file entry.txt (compact mmCIF, C-alpha atoms and all ligand atoms)
# COMPACT_ATOMS: atom_id res chain seq x y z
CA MET Q 10 13.51 -3.96 -20.47
CA SER Q 11 10.22 -5.67 -21.27
CA SER Q 12 8.48 -7.46 -18.41
CA ALA Q 13 7.62 -10.42 -20.63
CA GLY Q 14 9.30 -13.63 -19.53
CA ARG Q 15 10.65 -12.24 -16.26
CA VAL Q 16 11.09 -14.88 -13.58
CA PHE Q 17 11.27 -14.21 -9.84
CA ARG Q 18 12.21 -17.05 -7.53
CA GLY Q 19 10.94 -17.16 -4.01
CA CYS Q 20 11.85 -18.73 -0.72
CA ASP Q 21 9.97 -18.83 2.55
CA ASP Q 22 11.19 -17.21 5.74
CA LEU Q 23 12.91 -20.47 6.68
CA GLY Q 24 14.95 -20.29 3.47
CA ARG Q 25 13.10 -23.07 1.63
CA ASP Q 26 12.59 -22.64 -2.11
CA VAL Q 27 8.94 -22.02 -3.09
CA GLY Q 28 9.48 -21.90 -6.87
CA THR Q 29 9.01 -19.06 -9.32
CA HIS Q 30 6.40 -16.33 -8.83
CA ASP Q 31 4.12 -17.90 -11.47
CA GLU Q 32 4.43 -21.36 -9.91
CA PHE Q 33 3.85 -19.95 -6.45
CA TRP Q 34 0.69 -17.98 -7.33
CA ALA Q 35 -0.65 -20.89 -9.40
CA ARG Q 36 -0.30 -23.05 -6.26
CA VAL Q 37 -2.12 -20.45 -4.16
CA ALA Q 38 -4.91 -20.31 -6.76
CA ARG Q 39 -5.21 -24.13 -6.88
CA GLY Q 40 -5.18 -24.40 -3.09
CA ALA Q 41 -8.01 -24.20 -0.57
CA LYS Q 42 -10.70 -21.62 -1.30
CA ARG Q 43 -13.29 -19.68 0.64
CA ALA Q 44 -17.01 -19.78 -0.12
CA ASP Q 45 -16.64 -16.71 -2.38
CA GLY Q 46 -13.97 -18.45 -4.47
CA LYS Q 47 -11.04 -16.32 -3.21
CA PRO Q 48 -8.02 -18.30 -2.01
CA LEU Q 49 -7.66 -19.09 1.70
CA TRP Q 50 -4.42 -17.11 1.37
CA TYR Q 51 -6.46 -13.94 2.06
CA THR Q 52 -8.26 -15.33 5.10
CA LYS Q 53 -4.94 -16.24 6.70
CA GLY Q 54 -3.66 -12.69 6.23
CA ILE Q 55 -6.71 -11.18 7.89
CA GLU Q 56 -6.60 -13.75 10.72
CA TYR Q 57 -3.03 -12.67 11.44
CA TRP Q 58 -3.87 -8.96 11.63
CA ASP Q 59 -7.05 -9.60 13.64
CA GLU Q 60 -4.79 -10.74 16.51
CA VAL Q 61 -2.52 -7.67 16.37
CA THR Q 62 -3.00 -4.78 18.84
CA ALA Q 63 -4.65 -1.81 17.19
CA ASP Q 64 -1.90 0.77 17.61
CA VAL Q 65 1.09 2.12 15.66
CA ASP Q 66 3.54 -0.34 17.20
CA GLY Q 67 1.16 -3.16 16.25
CA VAL Q 68 0.81 -2.26 12.57
CA LEU Q 69 4.57 -1.66 12.31
CA GLY Q 70 5.51 -4.97 13.94
CA GLY Q 71 7.11 -3.33 16.98
CA PHE Q 72 8.88 -0.61 14.95
CA GLY Q 73 6.51 2.23 15.82
CA HIS Q 74 9.51 4.50 16.36
CA VAL Q 75 10.22 4.65 12.59
CA SER Q 76 6.90 6.38 11.95
CA GLY Q 77 8.39 9.88 12.15
CA ALA Q 78 11.11 9.21 9.56
CA ASP Q 79 8.51 7.51 7.39
CA ALA Q 80 6.17 10.52 7.46
CA ARG Q 81 9.07 12.90 6.75
CA ASP Q 82 10.15 11.05 3.59
CA ASN Q 83 6.52 10.68 2.50
CA ALA Q 84 6.04 14.45 2.69
CA LYS Q 85 9.20 15.07 0.70
CA LEU Q 86 8.20 12.67 -2.07
CA LEU Q 87 4.70 14.15 -2.28
CA ARG Q 88 6.13 17.66 -2.57
CA ASP Q 89 8.60 16.59 -5.26
CA VAL Q 90 6.23 14.64 -7.49
CA LEU Q 91 2.90 16.41 -6.97
CA GLY Q 92 3.61 19.71 -5.18
CA ASP Q 93 2.87 21.90 -8.21
CA THR Q 94 -0.32 20.05 -9.11
CA LEU Q 95 -1.67 20.31 -5.57
CA GLU Q 96 -0.81 23.99 -5.36
CA ALA Q 97 -2.61 24.68 -8.64
CA ARG Q 98 -5.71 22.86 -7.37
CA ARG Q 99 -5.73 24.84 -4.16
CA ALA Q 100 -5.21 28.10 -6.07
CA SER Q 101 -8.29 27.32 -8.16
CA GLY Q 102 -10.30 26.63 -5.00
CA GLU Q 103 -10.66 22.93 -5.73
CA LYS Q 104 -10.64 20.46 -2.83
CA THR Q 105 -7.84 17.91 -2.76
CA ALA Q 106 -8.36 14.28 -1.75
CA ALA Q 107 -6.23 11.22 -0.99
CA LEU Q 108 -7.00 7.55 -0.45
CA ASP Q 109 -5.05 5.67 2.25
CA CYS Q 110 -4.99 1.97 1.26
CA GLY Q 111 -4.55 -0.85 3.77
CA ALA Q 112 -4.73 2.00 6.25
CA GLY Q 113 -4.44 -0.02 9.46
CA VAL Q 114 -5.05 2.33 12.41
CA GLY Q 115 -4.74 5.37 10.16
CA ARG Q 116 -1.07 5.99 10.87
CA VAL Q 117 -0.23 7.26 7.36
CA THR Q 118 -3.29 9.51 7.38
CA GLY Q 119 -2.69 10.88 10.89
CA THR Q 120 1.04 11.51 10.52
CA PHE Q 121 1.07 12.75 6.95
CA LEU Q 122 -1.89 12.67 4.52
CA ILE Q 123 -4.21 14.79 6.72
CA GLU Q 124 -1.60 17.58 6.67
CA HIS Q 125 -1.70 17.80 2.87
CA PHE Q 126 -5.25 17.00 1.70
CA ASP Q 127 -8.65 18.55 2.38
CA GLU Q 128 -10.19 15.09 2.43
CA VAL Q 129 -8.74 11.65 3.13
CA ASP Q 130 -10.55 8.32 2.75
CA LEU Q 131 -9.28 5.15 4.40
CA VAL Q 132 -9.75 1.58 3.20
CA GLU Q 133 -8.86 -1.27 5.55
CA PRO Q 134 -10.25 -4.81 5.93
CA CYS Q 135 -9.66 -5.32 9.69
CA GLY Q 136 -12.53 -3.95 11.75
CA HIS Q 137 -10.61 -3.32 14.97
CA PHE Q 138 -7.96 -1.30 13.09
CA LEU Q 139 -10.56 0.78 11.29
CA SER Q 140 -12.42 1.42 14.57
CA ALA Q 141 -9.18 2.64 16.15
CA ALA Q 142 -8.61 4.94 13.15
CA LYS Q 143 -12.14 6.37 13.45
CA ALA Q 144 -11.64 7.02 17.17
CA ASP Q 145 -8.32 8.85 16.67
CA ALA Q 146 -8.74 12.63 16.65
CA GLN Q 147 -5.49 13.16 14.76
CA VAL Q 148 -6.54 10.73 12.01
CA CYS Q 149 -10.01 12.27 11.76
CA GLY Q 150 -8.63 15.81 11.67
CA ASP Q 151 -10.63 17.01 14.69
CA ASN Q 152 -10.06 20.68 15.56
CA ARG Q 153 -7.72 21.34 12.64
CA GLU Q 154 -7.60 24.99 11.65
CA ASP Q 155 -7.22 24.09 7.97
CA GLY Q 156 -10.43 22.02 8.08
CA HIS Q 157 -8.78 18.91 6.66
CA ARG Q 158 -10.89 15.80 7.43
CA ALA Q 159 -10.87 12.04 7.14
CA VAL Q 160 -14.19 11.54 5.40
CA ASN Q 161 -14.84 7.89 4.52
CA PHE Q 162 -13.74 4.74 6.34
CA PHE Q 163 -14.26 1.77 4.03
CA LYS Q 164 -14.04 -1.70 5.59
CA GLU Q 165 -12.89 -3.74 2.62
CA PRO Q 166 -9.81 -5.58 1.34
CA LEU Q 167 -8.01 -4.09 -1.65
CA GLU Q 168 -8.68 -7.08 -3.87
CA GLU Q 169 -12.37 -6.13 -3.72
CA PHE Q 170 -12.27 -2.35 -3.32
CA LYS Q 171 -13.26 -0.07 -6.18
CA PRO Q 172 -12.25 3.59 -5.70
CA GLU Q 173 -14.85 6.21 -6.57
CA LYS Q 174 -14.33 7.51 -10.09
CA GLY Q 175 -12.16 10.60 -10.42
CA ARG Q 176 -12.13 11.46 -6.68
CA TYR Q 177 -8.43 11.35 -5.73
CA ASP Q 178 -5.28 13.35 -6.35
CA VAL Q 179 -3.27 10.56 -4.78
CA VAL Q 180 -3.89 6.92 -4.03
CA TRP Q 181 -1.38 6.07 -1.29
CA ILE Q 182 -0.66 2.34 -0.87
CA GLN Q 183 1.80 1.55 1.91
CA TRP Q 184 2.92 -1.69 3.53
CA CYS Q 185 -0.03 -3.87 2.53
CA VAL Q 186 0.23 -5.18 -1.07
CA GLY Q 187 2.39 -8.13 0.03
CA HIS Q 188 -0.99 -9.65 0.87
CA LEU Q 189 -2.25 -9.37 -2.70
CA THR Q 190 -1.62 -11.92 -5.44
CA ASP Q 191 0.05 -10.52 -8.57
CA ASP Q 192 -3.22 -10.68 -10.53
CA ASP Q 193 -5.21 -8.93 -7.78
CA LEU Q 194 -2.51 -6.28 -7.34
CA VAL Q 195 -2.41 -5.52 -11.08
CA ALA Q 196 -6.22 -5.39 -11.20
CA PHE Q 197 -6.31 -3.09 -8.15
CA LEU Q 198 -3.78 -0.69 -9.69
CA ARG Q 199 -5.98 -0.53 -12.79
CA ARG Q 200 -9.05 0.31 -10.66
CA CYS Q 201 -6.99 3.03 -8.91
CA LYS Q 202 -6.48 4.64 -12.30
CA GLU Q 203 -10.26 5.14 -12.51
CA GLY Q 204 -10.24 6.71 -9.04
CA LEU Q 205 -7.66 9.35 -9.93
CA LYS Q 206 -8.24 12.91 -11.11
CA PRO Q 207 -6.39 13.92 -14.28
CA GLY Q 208 -2.72 14.35 -13.34
CA GLY Q 209 -3.14 12.21 -10.21
CA LEU Q 210 -0.61 9.65 -9.03
CA ILE Q 211 -0.48 6.32 -7.27
CA ILE Q 212 2.23 6.09 -4.61
CA LEU Q 213 3.29 2.61 -3.60
CA LYS Q 214 5.62 2.24 -0.61
CA GLU Q 215 6.75 -1.26 0.29
CA ASN Q 216 9.61 -3.33 1.67
CA ASN Q 217 12.04 -4.65 -0.96
CA THR Q 218 13.82 -7.98 -0.72
CA ALA Q 219 17.22 -8.19 -2.46
CA SER Q 220 15.98 -10.48 -5.24
CA GLY Q 221 12.94 -12.57 -6.19
CA PHE Q 222 10.51 -12.68 -3.29
CA VAL Q 223 10.26 -13.92 0.28
CA LEU Q 224 7.15 -15.65 1.59
CA ASP Q 225 6.13 -14.81 5.14
CA LEU Q 226 4.40 -17.93 6.45
CA GLU Q 227 3.15 -16.19 9.57
CA ASP Q 228 1.09 -13.38 8.05
CA SER Q 229 0.46 -14.89 4.58
CA SER Q 230 2.22 -12.22 2.53
CA ILE Q 231 5.22 -11.89 0.24
CA THR Q 232 7.98 -9.29 0.11
CA ARG Q 233 8.79 -8.47 -3.51
CA SER Q 234 12.12 -7.24 -4.87
CA HIS Q 235 12.54 -3.91 -6.64
CA ASP Q 236 12.60 -5.62 -10.07
CA TYR Q 237 9.45 -7.52 -9.17
CA PHE Q 238 7.63 -4.25 -8.35
CA LEU Q 239 8.76 -2.69 -11.64
CA TYR Q 240 7.44 -5.80 -13.39
CA ILE Q 241 4.05 -5.44 -11.64
CA ILE Q 242 3.82 -1.74 -12.55
CA GLU Q 243 4.62 -2.53 -16.18
CA LYS Q 244 2.12 -5.39 -16.16
CA ALA Q 245 -0.54 -2.92 -15.04
CA GLY Q 246 0.33 -0.84 -18.10
CA MET Q 247 1.63 2.05 -15.99
CA THR Q 248 4.81 4.10 -15.73
CA CYS Q 249 7.04 4.43 -12.70
CA VAL Q 250 7.96 8.11 -12.90
CA GLU Q 251 10.19 8.05 -9.82
CA HIS Q 252 11.38 5.62 -7.19
CA ARG Q 253 13.47 6.29 -4.15
CA LEU Q 254 14.61 4.56 -0.98
CA GLN Q 255 13.41 5.48 2.48
CA THR Q 256 16.18 7.07 4.55
CA GLY Q 257 17.00 6.85 8.24
CA PHE Q 258 15.52 3.45 9.08
CA PRO Q 259 17.34 0.90 11.28
CA PRO Q 260 19.64 -1.36 9.21
CA GLU Q 261 17.97 -4.57 10.38
CA LEU Q 262 14.82 -3.71 8.42
CA PHE Q 263 14.22 -4.50 4.75
CA GLN Q 264 15.00 -1.68 2.35
CA VAL Q 265 11.86 0.36 1.87
CA ARG Q 266 11.14 1.95 -1.50
CA MET Q 267 8.57 4.46 -2.73
CA TYR Q 268 7.24 4.26 -6.27
CA ALA Q 269 5.45 7.18 -7.90
CA ILE Q 270 3.23 5.65 -10.57
CA ARG Q 271 1.49 7.43 -13.42
CA PRO Q 272 -1.36 5.38 -14.89
N1 LIG Q 301 -0.49 1.03 5.87
C1 LIG Q 301 -0.59 1.04 7.31
C2 LIG Q 301 -0.77 -0.36 7.94
C3 LIG Q 301 0.37 -1.32 7.68
S1 LIG Q 301 0.11 -2.92 8.45
C4 LIG Q 301 0.64 1.72 7.87
O1 LIG Q 301 1.63 1.92 7.15
O2 LIG Q 301 0.63 2.07 9.06
C5 LIG Q 301 -0.57 -3.87 7.11
C6 LIG Q 301 -2.04 -3.59 6.88
O3 LIG Q 301 -2.48 -4.31 5.72
C7 LIG Q 301 -2.94 -4.02 8.02
O4 LIG Q 301 -3.75 -2.95 8.40
C8 LIG Q 301 -3.76 -5.14 7.43
O5 LIG Q 301 -5.04 -5.27 7.98
C9 LIG Q 301 -3.81 -4.72 5.98
N2 LIG Q 301 -4.19 -5.78 5.05
C10 LIG Q 301 -4.03 -7.12 5.16
N3 LIG Q 301 -4.56 -7.75 4.11
C11 LIG Q 301 -5.08 -6.79 3.30
C12 LIG Q 301 -5.79 -6.80 2.06
N4 LIG Q 301 -6.07 -7.94 1.45
N5 LIG Q 301 -6.19 -5.62 1.55
C13 LIG Q 301 -5.91 -4.46 2.20
N6 LIG Q 301 -5.24 -4.39 3.35
C14 LIG Q 301 -4.83 -5.53 3.90

call {"tool": "encode", "arguments": {"input": "entry.txt", "output": "structure tokens"}}
result
Amino acid sequence: MSSAGRVFRGCDDLGRDVGTHDEFWARVARGAKRADGKPLWYTKGIEYWDEVTADVDGVLGGFGHVSGADARDNAKLLRDVLGDTLEARRASGEKTAALDCGAGVGRVTGTFLIEHFDEVDLVEPCGHFLSAAKADAQVCGDNREDGHRAVNFFKEPLEEFKPEKGRYDVVWIQWCVGHLTDDDLVAFLRRCKEGLKPGGLIILKENNTASGFVLDLEDSSITRSHDYFLYIIEKAGMTCVEHRLQTGFPPELFQVRMYAIRP
């Protein structure tokens, strides 16, 4: 189905209607702005995370214990959608590289990406998270026999970040794009395309609400539904080649879905 004319209704976490996605983002855009012209929406998100303890339990909102199941399903998806490509690269002696977006304390890198890629770069706007990532031997890849390393730690928000051209096999974006407006998310996905090697993929892994979207007033983010994510991917002019649900998480959490996106 075409994405044109799709409407997603939102409510806040107290159940109050906040209008359609277009009305909601238009209100955010019309609202208070920072000196650089970006909406105050973004400042509120960063202010929230600046107060959160820089550890795995902090970035996962007290659900640090799901990190193992998360890493396991990540590895399976990577193998299924990109295993052959990565093997061919290695066979030809080429280095592989991944970008960990909204990396927090480097949890996704340390538990998963560093196992699979020669080089991993992290991009994260909160300084105390990025410092914790840099100080973590597992994230950095210290003393690994395979020589895999975290190479670059970029302190920037995704709405401003521009990946280096043609550097990455995978751009991994997990649990952070609820902070981005639709327009900034679409624009970021398009910039990711430039950052990919031929045959590379974007993997997006996010919570799904049952329909429309839910606004989180505390951390200034939204949770999009599955249809809403498909709409965003289509709006970016890209193809979702595979999507699947995370398994083995506690039932009180949102459904979590992984999208493999070909630009
Ligand atoms: N992806 C990591 C961290 C999840 S917590 C993991 O799965 O462990 C959410 C992260 O999004 C935090 O690190 C927060 O600082 C980051 N974040 C908030 N606003 C952001 C923005 N505008 N751009 C990129 N990351 C953002």

call {"tool": "residues_near_ligand", "arguments": {"input": "entry.txt", "ligand": "ligand LIG 301 (chain Q)", "cutoff": "7 Å", "atoms": "all atoms listed in the file", "output": "list in words"}}
result
Tyr51, Gly54, Ile55, Trp58, Val65, Val68, Leu69, Cys110, Gly111, Ala112, Gly113, Val114, Gly115, Arg116, Val117, Glu133, Pro134, Cys135, Phe138, Pro166, Leu167, Glu168, Ile182, Gln183, Trp184, Cys185, Val186, His188 and Leu189 of chain Q

call {"tool": "residues_around", "arguments": {"input": "entry.txt", "residues": "Q:Lys171", "least_positions_apart": "4", "cutoff": "12 Å", "atoms": "only C-alpha atoms", "output": "PDB file with C-alpha atoms, in the coordinates of the input"}}
result
ATOM      1  CA  LEU Q 108      -7.000   7.550  -0.450  1.00  0.00           C
ATOM      2  CA  CYS Q 110      -4.990   1.970   1.260  1.00  0.00           C
ATOM      3  CA  VAL Q 132      -9.750   1.580   3.200  1.00  0.00           C
ATOM      4  CA  PHE Q 163     -14.260   1.770   4.030  1.00  0.00           C
ATOM      5  CA  LYS Q 164     -14.040  -1.700   5.590  1.00  0.00           C
ATOM      6  CA  GLU Q 165     -12.890  -3.740   2.620  1.00  0.00           C
ATOM      7  CA  PRO Q 166      -9.810  -5.580   1.340  1.00  0.00           C
ATOM      8  CA  LEU Q 167      -8.010  -4.090  -1.650  1.00  0.00           C
ATOM      9  CA  GLY Q 175     -12.160  10.600 -10.420  1.00  0.00           C
ATOM     10  CA  ARG Q 176     -12.130  11.460  -6.680  1.00  0.00           C
ATOM     11  CA  VAL Q 180      -3.890   6.920  -4.030  1.00  0.00           C
ATOM     12  CA  ALA Q 196      -6.220  -5.390 -11.200  1.00  0.00           C
ATOM     13  CA  PHE Q 197      -6.310  -3.090  -8.150  1.00  0.00           C
ATOM     14  CA  LEU Q 198      -3.780  -0.690  -9.690  1.00  0.00           C
ATOM     15  CA  ARG Q 199      -5.980  -0.530 -12.790  1.00  0.00           C
ATOM     16  CA  ARG Q 200      -9.050   0.310 -10.660  1.00  0.00           C
ATOM     17  CA  CYS Q 201      -6.990   3.030  -8.910  1.00  0.00           C
ATOM     18  CA  LYS Q 202      -6.480   4.640 -12.300  1.00  0.00           C
ATOM     19  CA  GLU Q 203     -10.260   5.140 -12.510  1.00  0.00           C
ATOM     20  CA  GLY Q 204     -10.240   6.710  -9.040  1.00  0.00           C
ATOM     21  CA  LEU Q 205      -7.660   9.350  -9.930  1.00  0.00           C
TER      22      LEU Q 205
END

call {"tool": "residues_around", "arguments": {"input": "entry.txt", "residues": "Q:Asp130", "least_positions_apart": "6", "cutoff": "7 Å", "atoms": "only C-alpha atoms", "output": "ChimeraX atom specification"}}
result
/Q:107-109,159-162

call {"tool": "atom_distance", "arguments": {"input": "entry.txt", "atom1": "atom CA of Q:Glu251", "atom2": "atom CA of Q:Asp66"}}
result
29.1 Å

call {"tool": "atom_distance", "arguments": {"input": "entry.txt", "atom1": "atom CA of Q:Val148", "atom2": "atom CA of Q:Trp181"}}
result
15.0 Å

call {"tool": "atom_distance", "arguments": {"input": "entry.txt", "atom1": "atom CA of Q:Ala97", "atom2": "atom CA of Q:Gly209"}}
result
12.6 Å

call {"tool": "closest_residue", "arguments": {"input": "entry.txt", "among": "Q:Asp82, Q:Asp225, Q:Asp151, Q:Glu60", "to": "Q:Ile123", "atoms": "all atoms listed in the file"}}
result
Q:Asp151

call {"tool": "closest_residue", "arguments": {"input": "entry.txt", "among": "Q:Val195, Q:Val250, Q:Val223, Q:Ile242", "to": "Q:Thr29", "atoms": "all atoms listed in the file"}}
result
Q:Val223

call {"tool": "residues_around", "arguments": {"input": "entry.txt", "residues": "Q:Ala269", "least_positions_apart": "5", "cutoff": "10 Å", "atoms": "all atoms listed in the file", "output": "list in words"}}
result
Leu86, Leu87, Val90, Leu91, Val179, Trp181, Leu210, Ile211, Ile212, Leu213, Lys214, Thr248, Cys249, Val250, Glu251, His252 and Arg253 of chain Q

call {"tool": "closest_residue", "arguments": {"input": "entry.txt", "among": "Q:Phe126, Q:Asn216, Q:Tyr177, Q:Gly136", "to": "Q:Gly156", "atoms": "only C-alpha atoms"}}
result
Q:Phe126

call {"tool": "closest_residue", "arguments": {"input": "entry.txt", "among": "Q:Lys104, Q:Leu95, Q:Met267, Q:Pro259", "to": "Q:His74", "atoms": "all atoms listed in the file"}}
result
Q:Pro259

call {"tool": "closest_residue", "arguments": {"input": "entry.txt", "among": "Q:Trp50, Q:Phe263, Q:Phe17, Q:Phe258", "to": "Q:Arg81", "atoms": "all atoms listed in the file"}}
result
Q:Phe258
